[in-house]
$ cat protein-v6.pdb   # PDB, C-alpha atoms, pLDDT in the B column
MODEL        1
ATOM      1  CA  TYR A1199       0.000   0.000   0.000  1.00 71.00           C
ATOM      2  CA  LEU A1200       2.880   2.326   0.621  1.00 77.00           C
ATOM      3  CA  TYR A1201       4.349   2.032  -2.855  1.00 87.00           C
ATOM      4  CA  GLN A1202       1.170   2.571  -4.867  1.00 88.00           C
ATOM      5  CA  PRO A1203       1.346   6.409  -4.867  1.00 88.00           C
ATOM      6  CA  LEU A1204       5.025   6.266  -5.814  1.00 89.00           C
ATOM      7  CA  ASP A1205       4.265   3.748  -8.552  1.00 89.00           C
ATOM      8  CA  SER A1206       1.573   6.041  -9.948  1.00 89.00           C
ATOM      9  CA  LEU A1207       3.973   8.996 -10.054  1.00 91.00           C
ATOM     10  CA  LEU A1208       6.743   6.958 -11.675  1.00 92.00           C
ATOM     11  CA  SER A1209       4.318   5.498 -14.202  1.00 90.00           C
ATOM     12  CA  PHE A1210       3.127   8.971 -15.171  1.00 90.00           C
ATOM     13  CA  ALA A1211       6.706  10.273 -15.434  1.00 92.00           C
ATOM     14  CA  THR A1212       7.662   7.328 -17.644  1.00 92.00           C
ATOM     15  CA  SER A1213       4.683   7.968 -19.919  1.00 90.00           C
ATOM     16  CA  VAL A1214       5.554  11.663 -20.233  1.00 90.00           C
ATOM     17  CA  LEU A1215       9.161  10.822 -21.078  1.00 92.00           C
ATOM     18  CA  SER A1216       8.130   8.190 -23.621  1.00 92.00           C
ATOM     19  CA  ARG A1217       5.727  10.593 -25.318  1.00 91.00           C
ATOM     20  CA  ALA A1218       8.450  13.248 -25.524  1.00 91.00           C
ATOM     21  CA  HIS A1219      10.750  10.729 -27.201  1.00 92.00           C
ATOM     22  CA  GLU A1220       8.027   9.871 -29.719  1.00 92.00           C
ATOM     23  CA  PHE A1221       7.651  13.546 -30.658  1.00 91.00           C
ATOM     24  CA  ASP A1222      11.427  13.836 -30.990  1.00 92.00           C
ATOM     25  CA  ALA A1223      11.539  10.769 -33.241  1.00 93.00           C
ATOM     26  CA  ASP A1224       8.723  12.164 -35.398  1.00 92.00           C
ATOM     27  CA  ALA A1225      10.535  15.505 -35.728  1.00 91.00           C
ATOM     28  CA  PHE A1226      13.734  13.711 -36.702  1.00 92.00           C
ATOM     29  CA  SER A1227      11.871  11.733 -39.380  1.00 92.00           C
ATOM     30  CA  LYS A1228      10.376  14.945 -40.720  1.00 91.00           C
ATOM     31  CA  LYS A1229      13.775  16.640 -40.818  1.00 90.00           C
ATOM     32  CA  LEU A1230      15.042  13.727 -42.923  1.00 91.00           C
ATOM     33  CA  GLY A1231      12.163  14.306 -45.340  1.00 89.00           C
ATOM     34  CA  TYR A1232       9.949  11.419 -44.256  1.00 92.00           C
ATOM     35  CA  GLY A1233       7.091  13.446 -42.785  1.00 91.00           C
ATOM     36  CA  LYS A1234       4.420  12.424 -45.290  1.00 93.00           C
ATOM     37  CA  PRO A1235       5.289   8.690 -45.282  1.00 94.00           C
ATOM     38  CA  LEU A1236       5.373   8.757 -41.474  1.00 93.00           C
ATOM     39  CA  ALA A1237       1.943  10.390 -41.301  1.00 93.00           C
ATOM     40  CA  SER A1238       0.570   7.879 -43.799  1.00 94.00           C
ATOM     41  CA  GLY A1239       2.003   4.965 -41.811  1.00 94.00           C
ATOM     42  CA  LEU A1240       0.609   6.274 -38.542  1.00 92.00           C
ATOM     43  CA  ILE A1241      -2.856   6.630 -40.073  1.00 92.00           C
ATOM     44  CA  LYS A1242      -2.688   3.071 -41.440  1.00 93.00           C
ATOM     45  CA  LEU A1243      -1.669   1.746 -38.035  1.00 90.00           C
ATOM     46  CA  GLN A1244      -4.490   3.688 -36.390  1.00 90.00           C
ATOM     47  CA  ILE A1245      -7.052   2.189 -38.765  1.00 89.00           C
ATOM     48  CA  GLU A1246      -5.627  -1.321 -38.479  1.00 89.00           C
ATOM     49  CA  ASN A1247      -5.536  -1.219 -34.674  1.00 85.00           C
ATOM     50  CA  LYS A1248      -9.008   0.367 -34.465  1.00 84.00           C
ATOM     51  CA  SER A1249      -7.878   2.616 -31.645  1.00 80.00           C
ATOM     52  CA  ILE A1250      -9.340   5.927 -30.574  1.00 80.00           C
ATOM     53  CA  MET A1251      -8.124   8.763 -32.773  1.00 75.00           C
ATOM     54  CA  ASN A1252      -8.493  11.600 -30.276  1.00 80.00           C
ATOM     55  CA  PRO A1253      -8.905  10.339 -26.678  1.00 86.00           C
ATOM     56  CA  ASP A1254      -9.416  12.492 -23.617  1.00 88.00           C
ATOM     57  CA  PRO A1255      -6.185  14.467 -23.041  1.00 84.00           C
ATOM     58  CA  LEU A1256      -5.971  13.699 -19.313  1.00 87.00           C
ATOM     59  CA  TYR A1257      -6.639   9.999 -19.782  1.00 88.00           C
ATOM     60  CA  SER A1258      -4.123   9.677 -22.596  1.00 86.00           C
ATOM     61  CA  ALA A1259      -1.494  11.705 -20.711  1.00 84.00           C
ATOM     62  CA  TYR A1260      -1.648   9.268 -17.805  1.00 85.00           C
ATOM     63  CA  HIS A1261      -2.288   5.927 -19.524  1.00 85.00           C
ATOM     64  CA  TYR A1262      -0.729   6.124 -23.003  1.00 85.00           C
ATOM     65  CA  SER A1263       2.988   5.752 -23.648  1.00 85.00           C
ATOM     66  CA  HIS A1264       2.567   7.122 -27.189  1.00 87.00           C
ATOM     67  CA  PRO A1265       0.862  10.383 -28.149  1.00 88.00           C
ATOM     68  CA  PRO A1266      -2.571  10.131 -29.795  1.00 89.00           C
ATOM     69  CA  LEU A1267      -2.679  10.250 -33.596  1.00 89.00           C
ATOM     70  CA  VAL A1268      -4.118  13.768 -33.769  1.00 88.00           C
ATOM     71  CA  GLU A1269      -1.292  15.179 -31.620  1.00 88.00           C
ATOM     72  CA  ARG A1270       1.353  13.392 -33.677  1.00 90.00           C
ATOM     73  CA  LEU A1271      -0.108  14.548 -36.992  1.00 91.00           C
ATOM     74  CA  ASN A1272      -0.296  18.122 -35.703  1.00 88.00           C
ATOM     75  CA  ALA A1273       3.358  17.922 -34.659  1.00 88.00           C
ATOM     76  CA  ILE A1274       4.387  16.439 -38.008  1.00 90.00           C
ATOM     77  CA  ASN A1275       2.545  19.212 -39.854  1.00 87.00           C
ATOM     78  CA  ASP A1276       4.032  21.919 -37.616  1.00 81.00           C
ATOM     79  CA  PRO A1277       5.833  24.424 -39.857  1.00 75.00           C
ATOM     80  CA  ASP A1278       8.397  25.167 -37.117  1.00 75.00           C
ATOM     81  CA  VAL A1279       9.978  21.753 -37.756  1.00 60.00           C
ATOM     82  CA  ALA A1280      11.470  22.199 -41.192  1.00 58.00           C
ATOM     83  CA  PRO A1281      12.070  19.165 -43.412  1.00 60.00           C
ATOM     84  CA  LYS A1282      15.469  18.567 -44.934  1.00 57.00           C
ATOM     85  CA  THR A1283      15.971  20.439 -48.199  1.00 51.00           C
ATOM     86  CA  GLU A1284      18.637  19.500 -50.706  1.00 49.00           C
TER      87      GLU A1284
ENDMDL
END
$ encode --input "protein-v6.pdb" --output "structure tokens"
Amino acid sequence: YLYQPLDSLLSFATSVLSRAHEFDADAFSKKLGYGKPLASGLIKLQIENKSIMNPDPLYSAYHYSHPPLVERLNAINDPDVAPKTE
């Protein structure tokens, strides 16, 4: 009983860290010029897995280790993250 509050805090911190890494990985893919294929792949996975596209932000922040599709697509389409140009 004593460790349950600590476990909840550590679980939340781990989820936040994991989600931050996912956004970083998406930004890196976009910088390499793979933004559109990444978005297409994420949409296909979403459809195949039949998961919720835009869950409640508080629920997903606590329970999901990956950001919801809508948040990831918004980050991929963010103009502040410039794709690689050659």
$ residues_near_point --input "protein-v6.pdb" --point "(-2.0, 8.9, -25.4)" --cutoff "12 Å" --atoms "all atoms listed in the file" --output "PyMOL selection string"
chain A and resi 1210+1213-1214+1216-1218+1220-1221+1249-1270
$ resolve_selection --input "protein-v6.pdb" --expression "the PyMOL selection byres ((chain A and resi 1227) around 12)" --output "list of chain:residue names"
A:Glu1220, A:Phe1221, A:Asp1222, A:Ala1223, A:Asp1224, A:Ala1225, A:Phe1226, A:Lys1228, A:Lys1229, A:Leu1230, A:Gly1231, A:Tyr1232, A:Gly1233, A:Lys1234, A:Pro1235, A:Leu1236, A:Ala1237, A:Ala1273, A:Ile1274, A:Asn1275, A:Val1279, A:Ala1280, A:Pro1281, A:Lys1282
$ closest_residue --input "protein-v6.pdb" --among "A:Leu1215, A:Leu1200, A:Leu1271, A:Leu1207" --to "A:Ser1238" --atoms "all atoms listed in the file"
A:Leu1271
$ atom_distance --input "protein-v6.pdb" --atom1 "atom CA of A:Asp1278" --atom2 "atom CA of A:Ile1241"
21.9 Å
$ axis_aligned_box --input "protein-v6.pdb" --around "stretch 1245-1252 of chain A" --padding-each-side "6 Å" --output "JSON"
{"center_x": -7.4, "center_y": 5.1, "center_z": -34.5, "size_x": 15.8, "size_y": 24.9, "size_z": 20.5}
$ atom_distance --input "protein-v6.pdb" --atom1 "atom CA of A:Gln1244" --atom2 "atom CA of A:Thr1212"
22.6 Å
$ atom_distance --input "protein-v6.pdb" --atom1 "atom CA of A:Pro1277" --atom2 "atom CA of A:Leu1243"
24.0 Å
$ build_atoms --input "protein-v6.pdb" --residues "stretch 1207-1225 of chain A" --atoms "N, CA, C and O atoms" --output "tab-separated table (two decimals), keeping the file's coordinate frame"
chain	number	residue	atom	x	y	z
A	1207	LEU	N	3.15	7.86	-9.63
A	1207	LEU	CA	3.97	9.00	-10.05
A	1207	LEU	C	5.05	8.56	-11.05
A	1207	LEU	O	5.27	9.22	-12.06
A	1208	LEU	N	5.71	7.45	-10.77
A	1208	LEU	CA	6.74	6.96	-11.68
A	1208	LEU	C	6.15	6.52	-13.01
A	1208	LEU	O	6.75	6.73	-14.07
A	1209	SER	N	4.99	5.92	-12.97
A	1209	SER	CA	4.32	5.50	-14.20
A	1209	SER	C	3.97	6.71	-15.07
A	1209	SER	O	4.18	6.71	-16.29
A	1210	PHE	N	3.46	7.75	-14.44
A	1210	PHE	CA	3.13	8.97	-15.17
A	1210	PHE	C	4.39	9.61	-15.75
A	1210	PHE	O	4.41	10.03	-16.92
A	1211	ALA	N	5.45	9.68	-14.96
A	1211	ALA	CA	6.71	10.27	-15.43
A	1211	ALA	C	7.27	9.48	-16.61
A	1211	ALA	O	7.77	10.06	-17.58
A	1212	THR	N	7.18	8.18	-16.55
A	1212	THR	CA	7.66	7.33	-17.64
A	1212	THR	C	6.84	7.56	-18.90
A	1212	THR	O	7.40	7.63	-20.00
A	1213	SER	N	5.54	7.70	-18.76
A	1213	SER	CA	4.68	7.97	-19.92
A	1213	SER	C	5.00	9.31	-20.55
A	1213	SER	O	5.08	9.44	-21.77
A	1214	VAL	N	5.22	10.33	-19.73
A	1214	VAL	CA	5.55	11.66	-20.23
A	1214	VAL	C	6.88	11.62	-20.99
A	1214	VAL	O	7.00	12.18	-22.09
A	1215	LEU	N	7.86	10.93	-20.43
A	1215	LEU	CA	9.16	10.82	-21.08
A	1215	LEU	C	9.06	10.06	-22.40
A	1215	LEU	O	9.64	10.47	-23.41
A	1216	SER	N	8.30	8.98	-22.40
A	1216	SER	CA	8.13	8.19	-23.62
A	1216	SER	C	7.44	9.00	-24.71
A	1216	SER	O	7.84	8.94	-25.89
A	1217	ARG	N	6.43	9.77	-24.34
A	1217	ARG	CA	5.73	10.59	-25.32
A	1217	ARG	C	6.65	11.67	-25.89
A	1217	ARG	O	6.62	11.96	-27.09
A	1218	ALA	N	7.50	12.24	-25.05
A	1218	ALA	CA	8.45	13.25	-25.52
A	1218	ALA	C	9.42	12.63	-26.53
A	1218	ALA	O	9.75	13.26	-27.55
A	1219	HIS	N	9.85	11.41	-26.26
A	1219	HIS	CA	10.75	10.73	-27.20
A	1219	HIS	C	10.05	10.45	-28.53
A	1219	HIS	O	10.69	10.50	-29.59
A	1220	GLU	N	8.77	10.12	-28.48
A	1220	GLU	CA	8.03	9.87	-29.72
A	1220	GLU	C	7.95	11.14	-30.57
A	1220	GLU	O	8.12	11.10	-31.78
A	1221	PHE	N	7.69	12.28	-29.92
A	1221	PHE	CA	7.65	13.55	-30.66
A	1221	PHE	C	9.02	13.88	-31.24
A	1221	PHE	O	9.13	14.36	-32.38
A	1222	ASP	N	10.08	13.60	-30.48
A	1222	ASP	CA	11.43	13.84	-30.99
A	1222	ASP	C	11.72	12.95	-32.20
A	1222	ASP	O	12.32	13.40	-33.18
A	1223	ALA	N	11.32	11.69	-32.13
A	1223	ALA	CA	11.54	10.77	-33.24
A	1223	ALA	C	10.75	11.21	-34.47
A	1223	ALA	O	11.26	11.14	-35.60
A	1224	ASP	N	9.53	11.67	-34.28
A	1224	ASP	CA	8.72	12.16	-35.40
A	1224	ASP	C	9.37	13.40	-36.03
A	1224	ASP	O	9.42	13.52	-37.26
A	1225	ALA	N	9.88	14.30	-35.20
A	1225	ALA	CA	10.54	15.50	-35.73
A	1225	ALA	C	11.80	15.13	-36.50
A	1225	ALA	O	12.08	15.71	-37.55
